[in-house]
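Dropping target.txt in here (compact mmCIF, C-alpha atoms and all ligand atoms):
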```txt
# COMPACT_ATOMS: atom_id res chain seq x y z
CA MET A 11 14.64 -36.33 7.46
CA VAL A 12 15.26 -32.63 8.17
CA LYS A 13 18.48 -31.92 9.99
CA ALA A 14 18.34 -29.76 13.12
CA GLU A 15 20.47 -27.03 11.52
CA ASP A 16 18.06 -26.89 8.54
CA ASN A 17 15.40 -25.62 10.89
CA LYS A 18 17.41 -22.64 12.07
CA GLY A 19 14.80 -20.30 10.61
CA THR A 20 12.10 -21.83 12.78
CA ALA A 21 14.16 -21.54 15.92
CA GLU A 22 15.14 -17.94 15.22
CA GLY A 23 11.70 -16.99 13.95
CA ASN A 24 11.22 -14.86 10.87
CA GLY A 25 9.72 -11.75 12.48
CA ASN A 26 6.83 -10.34 10.49
CA GLY A 27 7.84 -12.20 7.34
CA VAL A 28 5.14 -14.48 5.94
CA ILE A 29 7.43 -15.61 3.13
CA VAL A 30 11.11 -15.52 3.92
CA VAL A 31 13.85 -16.35 1.45
CA LYS A 32 17.41 -16.83 2.63
CA ASN A 33 20.40 -16.87 0.30
CA LEU A 34 18.32 -18.15 -2.61
CA THR A 35 20.24 -19.08 -5.72
CA LYS A 36 18.42 -20.43 -8.77
CA ARG A 37 20.13 -21.30 -12.02
CA PHE A 38 19.25 -23.14 -15.19
CA GLY A 39 22.45 -24.68 -16.56
CA ASN A 40 24.98 -21.84 -16.57
CA ASN A 41 22.27 -19.17 -16.40
CA ILE A 42 22.26 -17.82 -12.83
CA VAL A 43 18.82 -16.25 -12.62
CA LEU A 44 18.67 -15.49 -8.88
CA ASP A 45 21.98 -14.89 -7.19
CA ASN A 46 21.99 -15.29 -3.41
CA ILE A 47 18.76 -13.39 -2.70
CA THR A 48 17.60 -12.75 0.86
CA LEU A 49 14.14 -11.26 1.28
CA SER A 50 11.24 -11.12 3.71
CA ILE A 51 7.66 -10.52 2.53
CA GLU A 52 5.76 -8.70 5.25
CA LYS A 53 2.38 -9.82 6.51
CA GLY A 54 -0.62 -7.85 5.25
CA LYS A 55 1.45 -5.65 2.95
CA THR A 56 1.59 -5.37 -0.85
CA THR A 57 5.06 -6.00 -2.22
CA VAL A 58 5.62 -5.31 -5.91
CA VAL A 59 8.48 -6.93 -7.83
CA ILE A 60 9.69 -5.06 -10.92
CA GLY A 61 12.52 -5.61 -13.36
CA PRO A 62 13.25 -6.13 -17.04
CA SER A 63 11.89 -9.07 -19.01
CA GLY A 64 13.79 -12.25 -18.27
CA CYS A 65 15.34 -10.94 -15.02
CA GLY A 66 13.74 -13.70 -12.94
CA LYS A 67 10.55 -12.23 -11.48
CA THR A 68 8.41 -15.26 -12.33
CA VAL A 69 11.18 -17.61 -11.21
CA LEU A 70 11.31 -15.77 -7.87
CA ILE A 71 7.61 -16.09 -7.10
CA LYS A 72 7.57 -19.71 -8.29
CA ASN A 73 10.25 -20.33 -5.68
CA PHE A 74 7.98 -18.71 -3.06
CA ILE A 75 5.58 -21.64 -3.50
CA VAL A 76 8.30 -24.09 -4.45
CA LEU A 77 6.95 -24.69 -7.94
CA LEU A 78 10.66 -24.36 -8.65
CA ARG A 79 13.16 -25.55 -6.08
CA PRO A 80 16.22 -23.44 -5.28
CA ASN A 81 19.71 -24.72 -6.12
CA SER A 82 20.78 -23.36 -2.77
CA GLY A 83 19.21 -21.34 0.02
CA GLU A 84 16.04 -21.70 2.06
CA ILE A 85 12.39 -20.73 1.74
CA TYR A 86 10.03 -20.34 4.70
CA PHE A 87 6.27 -19.93 4.89
CA LYS A 88 5.27 -18.60 8.30
CA ASP A 89 8.45 -19.88 10.00
CA LYS A 90 8.16 -23.32 8.43
CA ARG A 91 10.88 -24.30 6.03
CA ILE A 92 9.19 -25.47 2.82
CA ASP A 93 11.82 -25.78 0.06
CA ASN A 94 12.76 -29.27 1.25
CA LEU A 95 9.22 -30.65 1.70
CA PRO A 96 7.95 -33.54 -0.42
CA ASP A 97 5.30 -32.68 -3.05
CA ARG A 98 2.40 -34.08 -1.02
CA GLU A 99 3.13 -31.73 1.89
CA LEU A 100 3.82 -28.84 -0.45
CA ASN A 101 0.35 -29.21 -1.90
CA LYS A 102 -1.06 -28.60 1.58
CA VAL A 103 1.11 -25.51 2.06
CA ARG A 104 0.02 -24.21 -1.34
CA THR A 105 -3.64 -24.15 -0.27
CA HIS A 106 -2.68 -21.08 1.83
CA TYR A 107 -1.68 -19.27 -1.35
CA GLY A 108 -3.71 -17.97 -4.23
CA PHE A 109 -1.86 -17.41 -7.45
CA LEU A 110 -2.66 -15.70 -10.64
CA PHE A 111 -0.21 -17.00 -13.21
CA GLN A 112 1.19 -14.96 -16.05
CA GLY A 113 -1.43 -15.46 -18.76
CA GLY A 114 -4.04 -16.30 -16.06
CA ALA A 115 -5.22 -19.45 -17.84
CA LEU A 116 -8.77 -20.61 -17.15
CA PHE A 117 -10.04 -24.03 -18.14
CA ASP A 118 -11.75 -23.31 -21.47
CA SER A 119 -14.11 -26.28 -21.28
CA PHE A 120 -15.35 -25.25 -17.82
CA ASN A 121 -17.76 -22.40 -17.29
CA VAL A 122 -16.96 -19.58 -14.85
CA ALA A 123 -18.57 -21.28 -11.85
CA GLU A 124 -16.81 -24.58 -12.57
CA ASN A 125 -13.47 -22.80 -12.89
CA ILE A 126 -13.84 -21.28 -9.43
CA MET A 127 -15.23 -24.52 -8.02
CA PHE A 128 -12.13 -26.42 -9.14
CA PRO A 129 -9.77 -25.62 -6.22
CA ILE A 130 -12.66 -26.07 -3.78
CA THR A 131 -13.36 -29.62 -4.95
CA GLN A 132 -9.62 -30.39 -5.12
CA HIS A 133 -8.51 -29.08 -1.77
CA SER A 134 -11.29 -28.29 0.67
CA ARG A 135 -13.38 -30.61 2.77
CA ILE A 136 -16.61 -29.06 1.50
CA THR A 137 -18.83 -31.77 0.07
CA ASP A 138 -22.14 -29.93 0.12
CA TRP A 139 -22.35 -28.50 -3.41
CA ARG A 140 -24.77 -25.78 -2.32
CA GLN A 141 -22.21 -24.52 0.17
CA ALA A 142 -19.57 -24.62 -2.58
CA GLU A 143 -21.95 -22.71 -4.86
CA ASP A 144 -22.39 -20.03 -2.19
CA ILE A 145 -18.61 -19.64 -2.06
CA VAL A 146 -18.43 -19.34 -5.85
CA ASN A 147 -21.16 -16.68 -5.83
CA ALA A 148 -19.48 -14.72 -3.05
CA LYS A 149 -16.09 -14.77 -4.78
CA LEU A 150 -17.62 -13.69 -8.09
CA ALA A 151 -19.40 -10.83 -6.33
CA MET A 152 -16.05 -9.74 -4.86
CA VAL A 153 -14.58 -9.33 -8.32
CA GLY A 154 -17.77 -7.70 -9.65
CA LEU A 155 -18.86 -10.60 -11.87
CA ASP A 156 -21.89 -12.05 -10.11
CA GLY A 157 -24.23 -13.26 -12.86
CA PHE A 158 -21.43 -14.61 -15.05
CA GLN A 159 -21.52 -18.11 -13.50
CA ASN A 160 -22.62 -19.89 -16.70
CA TYR A 161 -20.39 -18.03 -19.16
CA TYR A 162 -17.54 -19.89 -20.86
CA PRO A 163 -14.11 -18.19 -20.92
CA ALA A 164 -14.24 -17.70 -24.71
CA LYS A 165 -17.18 -15.29 -24.22
CA LEU A 166 -15.29 -13.08 -21.75
CA SER A 167 -12.98 -10.12 -22.36
CA GLY A 168 -9.34 -10.29 -21.22
CA GLY A 169 -10.12 -8.19 -18.15
CA GLN A 170 -13.09 -10.35 -17.21
CA ARG A 171 -10.97 -13.51 -17.57
CA LYS A 172 -8.39 -12.04 -15.19
CA ARG A 173 -11.15 -11.29 -12.69
CA VAL A 174 -12.48 -14.85 -12.91
CA ALA A 175 -8.91 -16.14 -12.41
CA LEU A 176 -8.72 -13.84 -9.40
CA ALA A 177 -12.01 -15.20 -8.01
CA ARG A 178 -10.54 -18.69 -8.43
CA ALA A 179 -7.31 -17.61 -6.71
CA ILE A 180 -9.25 -16.49 -3.62
CA ALA A 181 -11.61 -19.50 -3.56
CA LEU A 182 -9.81 -21.11 -0.62
CA ASN A 183 -9.42 -17.87 1.39
CA PRO A 184 -5.65 -17.70 0.94
CA GLU A 185 -3.37 -15.83 3.33
CA VAL A 186 -1.06 -14.85 0.49
CA ILE A 187 -1.92 -13.94 -3.10
CA LEU A 188 0.78 -13.95 -5.78
CA TYR A 189 -0.03 -12.08 -8.98
CA ASP A 190 2.19 -12.45 -12.03
CA GLU A 191 1.67 -9.53 -14.45
CA PRO A 192 -2.04 -9.09 -13.62
CA THR A 193 -2.51 -5.98 -15.80
CA THR A 194 -0.48 -7.00 -18.86
CA GLY A 195 -2.50 -6.89 -22.06
CA LEU A 196 -5.31 -4.81 -20.56
CA ASP A 197 -6.24 -1.27 -21.55
CA PRO A 198 -5.55 1.37 -18.84
CA ILE A 199 -9.13 1.40 -17.54
CA ARG A 200 -9.39 -2.38 -17.21
CA ALA A 201 -5.90 -2.44 -15.73
CA ASP A 202 -7.06 0.06 -13.13
CA ILE A 203 -10.04 -2.16 -12.24
CA ILE A 204 -7.55 -4.95 -11.50
CA ASN A 205 -5.46 -2.53 -9.39
CA GLU A 206 -8.56 -1.60 -7.40
CA LEU A 207 -9.41 -5.27 -6.90
CA ILE A 208 -5.91 -6.04 -5.67
CA LEU A 209 -6.20 -3.18 -3.17
CA LYS A 210 -9.71 -4.22 -2.14
CA LEU A 211 -8.72 -7.83 -1.49
CA GLN A 212 -5.71 -6.74 0.50
CA ARG A 213 -7.79 -4.35 2.62
CA GLU A 214 -10.90 -6.49 3.06
CA LEU A 215 -9.29 -9.89 3.45
CA GLY A 216 -6.05 -8.67 5.02
CA VAL A 217 -4.06 -10.86 2.66
CA THR A 218 -0.35 -10.57 2.08
CA THR A 219 0.10 -9.61 -1.54
CA VAL A 220 2.98 -10.00 -3.98
CA VAL A 221 2.60 -8.54 -7.46
CA VAL A 222 5.05 -8.96 -10.33
CA THR A 223 4.61 -6.21 -12.89
CA HIS A 224 6.20 -4.08 -15.61
CA ASP A 225 3.43 -1.55 -15.17
CA MET A 226 4.79 1.34 -13.09
CA THR A 227 1.39 3.08 -12.88
CA SER A 228 0.06 -0.06 -11.22
CA ALA A 229 3.17 -0.45 -9.05
CA TYR A 230 2.93 3.09 -7.67
CA LYS A 231 -0.78 2.72 -7.02
CA ILE A 232 -0.79 -0.55 -5.12
CA ALA A 233 2.66 -0.99 -3.56
CA ASP A 234 3.62 -0.59 0.05
CA ARG A 235 7.04 -1.69 -1.07
CA ILE A 236 8.73 -2.07 -4.47
CA ILE A 237 11.64 -4.40 -5.11
CA MET A 238 13.65 -4.24 -8.32
CA LEU A 239 15.53 -7.28 -9.63
CA HIS A 240 18.45 -6.91 -12.00
CA ASN A 241 21.16 -9.40 -12.97
CA GLY A 242 20.03 -11.83 -10.30
CA LYS A 243 20.21 -9.29 -7.46
CA ILE A 244 17.84 -6.93 -5.67
CA ILE A 245 19.15 -3.50 -6.68
CA ALA A 246 16.40 -1.38 -5.09
CA ASP A 247 13.97 -1.96 -2.24
CA GLY A 248 11.68 0.62 -0.70
CA ASP A 249 8.44 2.58 -1.04
CA ALA A 250 7.35 4.36 -4.24
CA GLU A 251 9.13 7.56 -3.22
CA HIS A 252 12.37 5.69 -2.58
CA ILE A 253 12.18 4.02 -6.01
CA ARG A 254 11.31 7.25 -7.84
CA ASN A 255 14.37 8.93 -6.40
CA HIS A 256 16.68 5.93 -6.57
CA PRO A 257 20.16 6.86 -7.82
CA HIS A 258 20.88 3.53 -9.58
CA PRO A 259 20.84 4.22 -13.36
CA GLN A 260 19.17 0.85 -14.11
CA VAL A 261 16.29 1.78 -11.78
CA GLN A 262 15.81 5.19 -13.44
CA GLN A 263 15.96 3.64 -16.94
CA PHE A 264 13.41 1.02 -16.00
CA ILE A 265 10.89 3.27 -14.29
CA ASN A 266 11.16 5.87 -17.04
CA GLY A 267 11.01 3.28 -19.82
CA GLN A 268 14.33 4.29 -21.36
CA ALA A 269 16.65 1.93 -23.20
CA SER A 270 20.28 2.16 -22.08
CA GLU A 271 22.80 4.00 -24.27
CA ASP A 272 24.59 0.66 -24.81
CA ASP A 273 21.41 -1.00 -26.14
CA LEU A 274 20.68 1.97 -28.40
CA ALA A 275 24.25 2.02 -29.71
CA VAL A 276 23.87 -1.62 -30.80
CA LEU A 277 20.65 -0.79 -32.66
CA ARG A 278 22.09 2.33 -34.31
CA ALA A 279 25.20 0.49 -35.43
CA SER A 280 23.22 -2.38 -36.92
CA SER A 281 22.32 -2.36 -40.60
CA ASP A 282 20.20 -5.53 -40.28
CA ILE A 283 16.93 -3.68 -40.80
CA ALA A 284 18.11 -2.27 -44.13
CA LYS A 285 19.36 -5.71 -45.16
CA ALA A 286 16.12 -7.39 -44.13
CA GLN A 287 14.20 -5.33 -46.68
CA PHE A 288 15.83 -7.28 -49.53
CA LEU A 289 15.26 -10.90 -50.33
CA PRO A 290 18.41 -12.98 -50.27
CA ARG A 291 19.59 -14.18 -53.70
CA ASP A 292 18.37 -17.70 -52.94
CA PHE A 293 14.79 -16.47 -53.06
CA GLU A 294 15.11 -14.68 -56.38
CA GLU A 295 13.68 -16.41 -59.40
N1 LIG B 1 11.99 -23.84 -16.59
C1 LIG B 1 13.02 -23.13 -17.06
N2 LIG B 1 14.07 -23.73 -17.66
C2 LIG B 1 15.11 -23.02 -18.13
N3 LIG B 1 15.22 -21.69 -18.03
C3 LIG B 1 14.21 -21.02 -17.44
C4 LIG B 1 13.05 -21.71 -16.93
N4 LIG B 1 12.21 -20.79 -16.39
C5 LIG B 1 12.82 -19.60 -16.56
N5 LIG B 1 14.01 -19.74 -17.19
C6 LIG B 1 14.95 -18.64 -17.50
O1 LIG B 1 15.08 -17.84 -16.35
C7 LIG B 1 15.18 -16.46 -16.70
C8 LIG B 1 14.15 -15.68 -15.93
O2 LIG B 1 12.87 -16.03 -16.39
P1 LIG B 1 11.54 -15.39 -15.80
O3 LIG B 1 10.42 -16.06 -16.49
O4 LIG B 1 11.57 -15.45 -14.32
O5 LIG B 1 11.68 -13.88 -16.25
P2 LIG B 1 10.67 -12.68 -15.92
O6 LIG B 1 11.44 -11.65 -15.17
O7 LIG B 1 9.45 -13.21 -15.29
O8 LIG B 1 10.38 -12.14 -17.41
P3 LIG B 1 9.01 -11.54 -18.04
O9 LIG B 1 8.93 -10.13 -17.53
O10 LIG B 1 9.26 -11.58 -19.50
O11 LIG B 1 7.88 -12.41 -17.59
C9 LIG B 1 15.07 -16.40 -18.20
O12 LIG B 1 16.38 -16.33 -18.73
C10 LIG B 1 14.41 -17.70 -18.57
O13 LIG B 1 14.80 -18.12 -19.85
MG MG B 2 7.49 -13.42 -15.89
```
As structure tokens, how would this structure be written, given the file I've shared?
Ligand SMILES: Nc1ncnc2c1ncn2[C@@H]1O[C@H](COP(=O)(O)OP(=O)(O)OP(=O)(O)O)[C@@H](O)[C@H]1O
Ligand SMILES: [Mg+2]
Amino acid sequence: MVKAEDNKGTAEGNGNGVIVVKNLTKRFGNNIVLDNITLSIEKGKTTVVIGPSGCGKTVLIKNFIVLLRPNSGEIYFKDKRIDNLPDRELNKVRTHYGFLFQGGALFDSFNVAENIMFPITQHSRITDWRQAEDIVNAKLAMVGLDGFQNYYPAKLSGGQRKRVALARAIALNPEVILYDEPTTGLDPIRADIINELILKLQRELGVTTVVVTHDMTSAYKIADRIIMLHNGKIIADGDAEHIRNHPHPQVQQFINGQASEDDLAVLRASSDIAKAQFLPRDFEE
């Protein structure tokens, strides 16, 4: 049973926020990954989340769809509180989202068409397979891969696999698409194709887009807004210009790809590399 006060967000409304997070704290044991984060993801916009490895970007977007539940705080999807819903109801809410997980795993034993068909057969009421096939063809055309229906994932390049995963993510016409590191592991040209697709889907389908990335070229190209996470907090939030000129040293180090003086001092002081070139006595004959 949801208490009346739990629904405060509904009563107040969440403005233009499609996903709204209030005072979200997420920890694993003593590791506080997200520390009292409040954030509203605007409808129809592309919000990019940046930050160093391990800072909690994936954990944040998993909370958006309640694949992880917060330790405290609230999560809303279109004014409806969702962090306290049972799994069965969450599955319904999740059909409004498309997500491209880090790694973008396809089912290897399914061909391209079957991969895209999967969410349709799981979640939609479509029973006419020809109608489902039309949807698959249309989604593949959107990502520029019409004709690849019968290919198996092993035959595709990394960029093509990401595009198939993207076609699968949009199979149910989601209102929100969450991308976790969509350009990682791709060469700059293939990465740019993914950037263009993200922009195209946002423009043509009007979807609300959230992209987690390390790739600042991609961030600057696609973002209406960039948020930087560091030590569990949002330390910067604004458009590309705002981030480029941000005074916070951690923001400048991140966007310019510089290690901090502290990190470098540890490396310079360490003689482990020299030691590692010699076998320990135990291994000598
Ligand atoms: N299921 C889990 N159980 C325990 N700890 C976890 C779990 N998931 C994430 N963590 C921890 O939470 C922290 C944030 O992880 P997260 O995957 O969100 O980082 P990230 O910012 O996405 O990093 P990357 O850029 O490398 O993908 C890490 O310290 C990680 O070890
Ligand atoms: Mg991650």
What residues have any atom no more than 8 Å from ligand MG 2 (chain B) when counting all atoms listed in the file, and can you list them as a ChimeraX atom specification?
/A:63-64,66-69,112,190-191,222
Please produce an output containing C-alpha atoms for each residue in the selection, written as a compact mmCIF listing (two decimals), in the frame of the given file.
```
# COMPACT_ATOMS: atom_id res chain seq x y z
CA SER A 63 11.89 -9.07 -19.01
CA GLY A 64 13.79 -12.25 -18.27
CA GLY A 66 13.74 -13.70 -12.94
CA LYS A 67 10.55 -12.23 -11.48
CA THR A 68 8.41 -15.26 -12.33
CA VAL A 69 11.18 -17.61 -11.21
CA GLN A 112 1.19 -14.96 -16.05
CA ASP A 190 2.19 -12.45 -12.03
CA GLU A 191 1.67 -9.53 -14.45
CA VAL A 222 5.05 -8.96 -10.33
```
Which residues are near ligand LIG 1 (chain B) in this structure, taking near to mean any atom at most 12 Å from a ligand atom and counting only C-alpha atoms and all ligand atoms? Format them as a ChimeraX atom specification.
/A:35-45,59-73,77-79,111-113,189-192,194,221-225,238-243
Have a look at CA of Ile236 in chain A and CA of Gly195 in chain A and let me know their distance in Å, one decimal.
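For CA of Ile236 in chain A relative to CA of Gly195 in chain A, the distance reads 21.4 Å.
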I'd like the interatomic distance between CA of Val31 in chain A and CA of Glu84 in chain A, to a tenth of an Å.
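Atom-to-atom, CA of Val31 in chain A and CA of Glu84 in chain A are spaced 5.8 Å apart.
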What is the distance between CA of Phe109 in chain A and CA of Ile253 in chain A, in Å to one decimal?
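These atoms are spaced 25.7 Å apart.
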Would you list the residues near (-15.5, -25.2, -23.2), meaning any protein, DNA or RNA residue with an atom at most 10 Å from that point in file coordinates, counting only C-alpha atoms, as an MDAnalysis selection string?
chainID A and resid 117:121 161:164
Would you kindly return, as a PyMOL selection string, each protein, DNA or RNA residue with an atom no farther than 8 Å from any atom of Ala175 in chain A, considering only C-alpha atoms and excluding same-chain residues fewer than 3 positions away?
chain A and resi 110+114-116+126+171-172+178-179
Applying 8 Å and all atoms listed in the file, which residues near Ile187 in chain A remain after dropping the ones on its own chain fewer than 3 positions away? List them as a list in words.
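Here the qualifying residues turn out to be Tyr107, Gly108, Phe109, Leu110, Ala179, Ile180, Pro184, Val217, Thr218, Thr219 and Val220 of chain A.
Each of A:Leu209, A:Ile47, A:Val28, A:Val153 was compared to Ile244 in chain A using all atoms listed in the file, and A:Ile47 turns out to be the nearest.
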Using all atoms listed in the file, which of the listed residues (A:Ala177, A:Leu155, A:Leu34, A:Leu196) sits closest to Ser50 in chain A?
A:Leu34
Please determine, counting only C-alpha atoms, which residue among A:Val76, A:Val30, A:Val58, A:Leu49 has the shortest atom-to-atom distance to Ala233 in chain A.
A:Val58
Non-local contacts of Leu215 in chain A (12 Å; all atoms listed in the file; under 6 positions in same chain excluded) as an mmCIF file with C-alpha atoms, keeping the file's coordinate frame:
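Result file out_21.cif:
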```cif
data_model
loop_
_atom_site.group_PDB
_atom_site.id
_atom_site.type_symbol
_atom_site.label_atom_id
_atom_site.label_comp_id
_atom_site.auth_asym_id
_atom_site.auth_seq_id
_atom_site.Cartn_x
_atom_site.Cartn_y
_atom_site.Cartn_z
ATOM 1 C CA GLY A 54 -0.620 -7.850 5.250
ATOM 2 C CA LYS A 55 1.450 -5.650 2.950
ATOM 3 C CA LYS A 149 -16.090 -14.770 -4.780
ATOM 4 C CA MET A 152 -16.050 -9.740 -4.860
ATOM 5 C CA ILE A 180 -9.250 -16.490 -3.620
ATOM 6 C CA LEU A 182 -9.810 -21.110 -0.620
ATOM 7 C CA ASN A 183 -9.420 -17.870 1.390
ATOM 8 C CA PRO A 184 -5.650 -17.700 0.940
ATOM 9 C CA GLU A 185 -3.370 -15.830 3.330
ATOM 10 C CA VAL A 186 -1.060 -14.850 0.490
ATOM 11 C CA ILE A 187 -1.920 -13.940 -3.100
ATOM 12 C CA LEU A 207 -9.410 -5.270 -6.900
ATOM 13 C CA ILE A 208 -5.910 -6.040 -5.670
ATOM 14 C CA LEU A 209 -6.200 -3.180 -3.170
#
```
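Closest approach to Thr56 in chain A from the set A:Gly25, A:Gly169, A:Gly154, A:Gly216 is made by A:Gly216, with distances taken over only C-alpha atoms.
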Place N, CA and C atoms on range 126-149 of chain A and deliver the coordinates as a CSV table (one decimal), in the coordinates of the input.
```
chain,number,residue,atom,x,y,z
A,126,ILE,N,-14.1,-21.7,-10.8
A,126,ILE,CA,-13.8,-21.3,-9.4
A,126,ILE,C,-14.0,-22.4,-8.5
A,127,MET,N,-14.9,-23.3,-8.9
A,127,MET,CA,-15.2,-24.5,-8.0
A,127,MET,C,-14.0,-25.5,-8.0
A,128,PHE,N,-13.2,-25.4,-9.0
A,128,PHE,CA,-12.1,-26.4,-9.1
A,128,PHE,C,-11.2,-26.6,-7.9
A,129,PRO,N,-10.6,-25.5,-7.4
A,129,PRO,CA,-9.8,-25.6,-6.2
A,129,PRO,C,-10.6,-26.1,-5.0
A,130,ILE,N,-11.8,-25.7,-4.9
A,130,ILE,CA,-12.7,-26.1,-3.8
A,130,ILE,C,-12.8,-27.6,-3.8
A,131,THR,N,-13.1,-28.2,-4.9
A,131,THR,CA,-13.4,-29.6,-5.0
A,131,THR,C,-12.0,-30.4,-4.8
A,132,GLN,N,-10.9,-29.7,-5.2
A,132,GLN,CA,-9.6,-30.4,-5.1
A,132,GLN,C,-9.1,-30.4,-3.7
A,133,HIS,N,-9.3,-29.3,-3.0
A,133,HIS,CA,-8.5,-29.1,-1.8
A,133,HIS,C,-9.3,-28.9,-0.5
A,134,SER,N,-10.6,-28.6,-0.6
A,134,SER,CA,-11.3,-28.3,0.7
A,134,SER,C,-12.1,-29.5,1.1
A,135,ARG,N,-12.6,-29.5,2.3
A,135,ARG,CA,-13.4,-30.6,2.8
A,135,ARG,C,-14.9,-30.4,2.5
A,136,ILE,N,-15.2,-29.3,1.8
A,136,ILE,CA,-16.6,-29.1,1.5
A,136,ILE,C,-17.2,-30.1,0.5
A,137,THR,N,-18.2,-30.8,1.0
A,137,THR,CA,-18.8,-31.8,0.1
A,137,THR,C,-20.2,-31.4,-0.3
A,138,ASP,N,-20.8,-30.4,0.4
A,138,ASP,CA,-22.1,-29.9,0.1
A,138,ASP,C,-22.0,-28.9,-1.1
A,139,TRP,N,-22.6,-29.3,-2.2
A,139,TRP,CA,-22.4,-28.5,-3.4
A,139,TRP,C,-23.0,-27.1,-3.3
A,140,ARG,N,-24.1,-27.1,-2.5
A,140,ARG,CA,-24.8,-25.8,-2.3
A,140,ARG,C,-23.9,-24.8,-1.5
A,141,GLN,N,-23.2,-25.4,-0.6
A,141,GLN,CA,-22.2,-24.5,0.2
A,141,GLN,C,-21.1,-24.0,-0.8
A,142,ALA,N,-20.6,-25.0,-1.6
A,142,ALA,CA,-19.6,-24.6,-2.6
A,142,ALA,C,-20.1,-23.5,-3.5
A,143,GLU,N,-21.4,-23.7,-3.9
A,143,GLU,CA,-22.0,-22.7,-4.9
A,143,GLU,C,-22.0,-21.3,-4.2
A,144,ASP,N,-22.4,-21.3,-2.9
A,144,ASP,CA,-22.4,-20.0,-2.2
A,144,ASP,C,-21.0,-19.4,-2.2
A,145,ILE,N,-20.0,-20.2,-2.0
A,145,ILE,CA,-18.6,-19.6,-2.1
A,145,ILE,C,-18.3,-19.1,-3.4
A,146,VAL,N,-18.7,-19.8,-4.5
A,146,VAL,CA,-18.4,-19.3,-5.8
A,146,VAL,C,-19.1,-18.0,-6.1
A,147,ASN,N,-20.4,-17.9,-5.6
A,147,ASN,CA,-21.2,-16.7,-5.8
A,147,ASN,C,-20.5,-15.5,-5.1
A,148,ALA,N,-20.1,-15.8,-3.9
A,148,ALA,CA,-19.5,-14.7,-3.0
A,148,ALA,C,-18.2,-14.2,-3.7
A,149,LYS,N,-17.4,-15.2,-4.2
A,149,LYS,CA,-16.1,-14.8,-4.8
A,149,LYS,C,-16.3,-14.0,-6.1
```
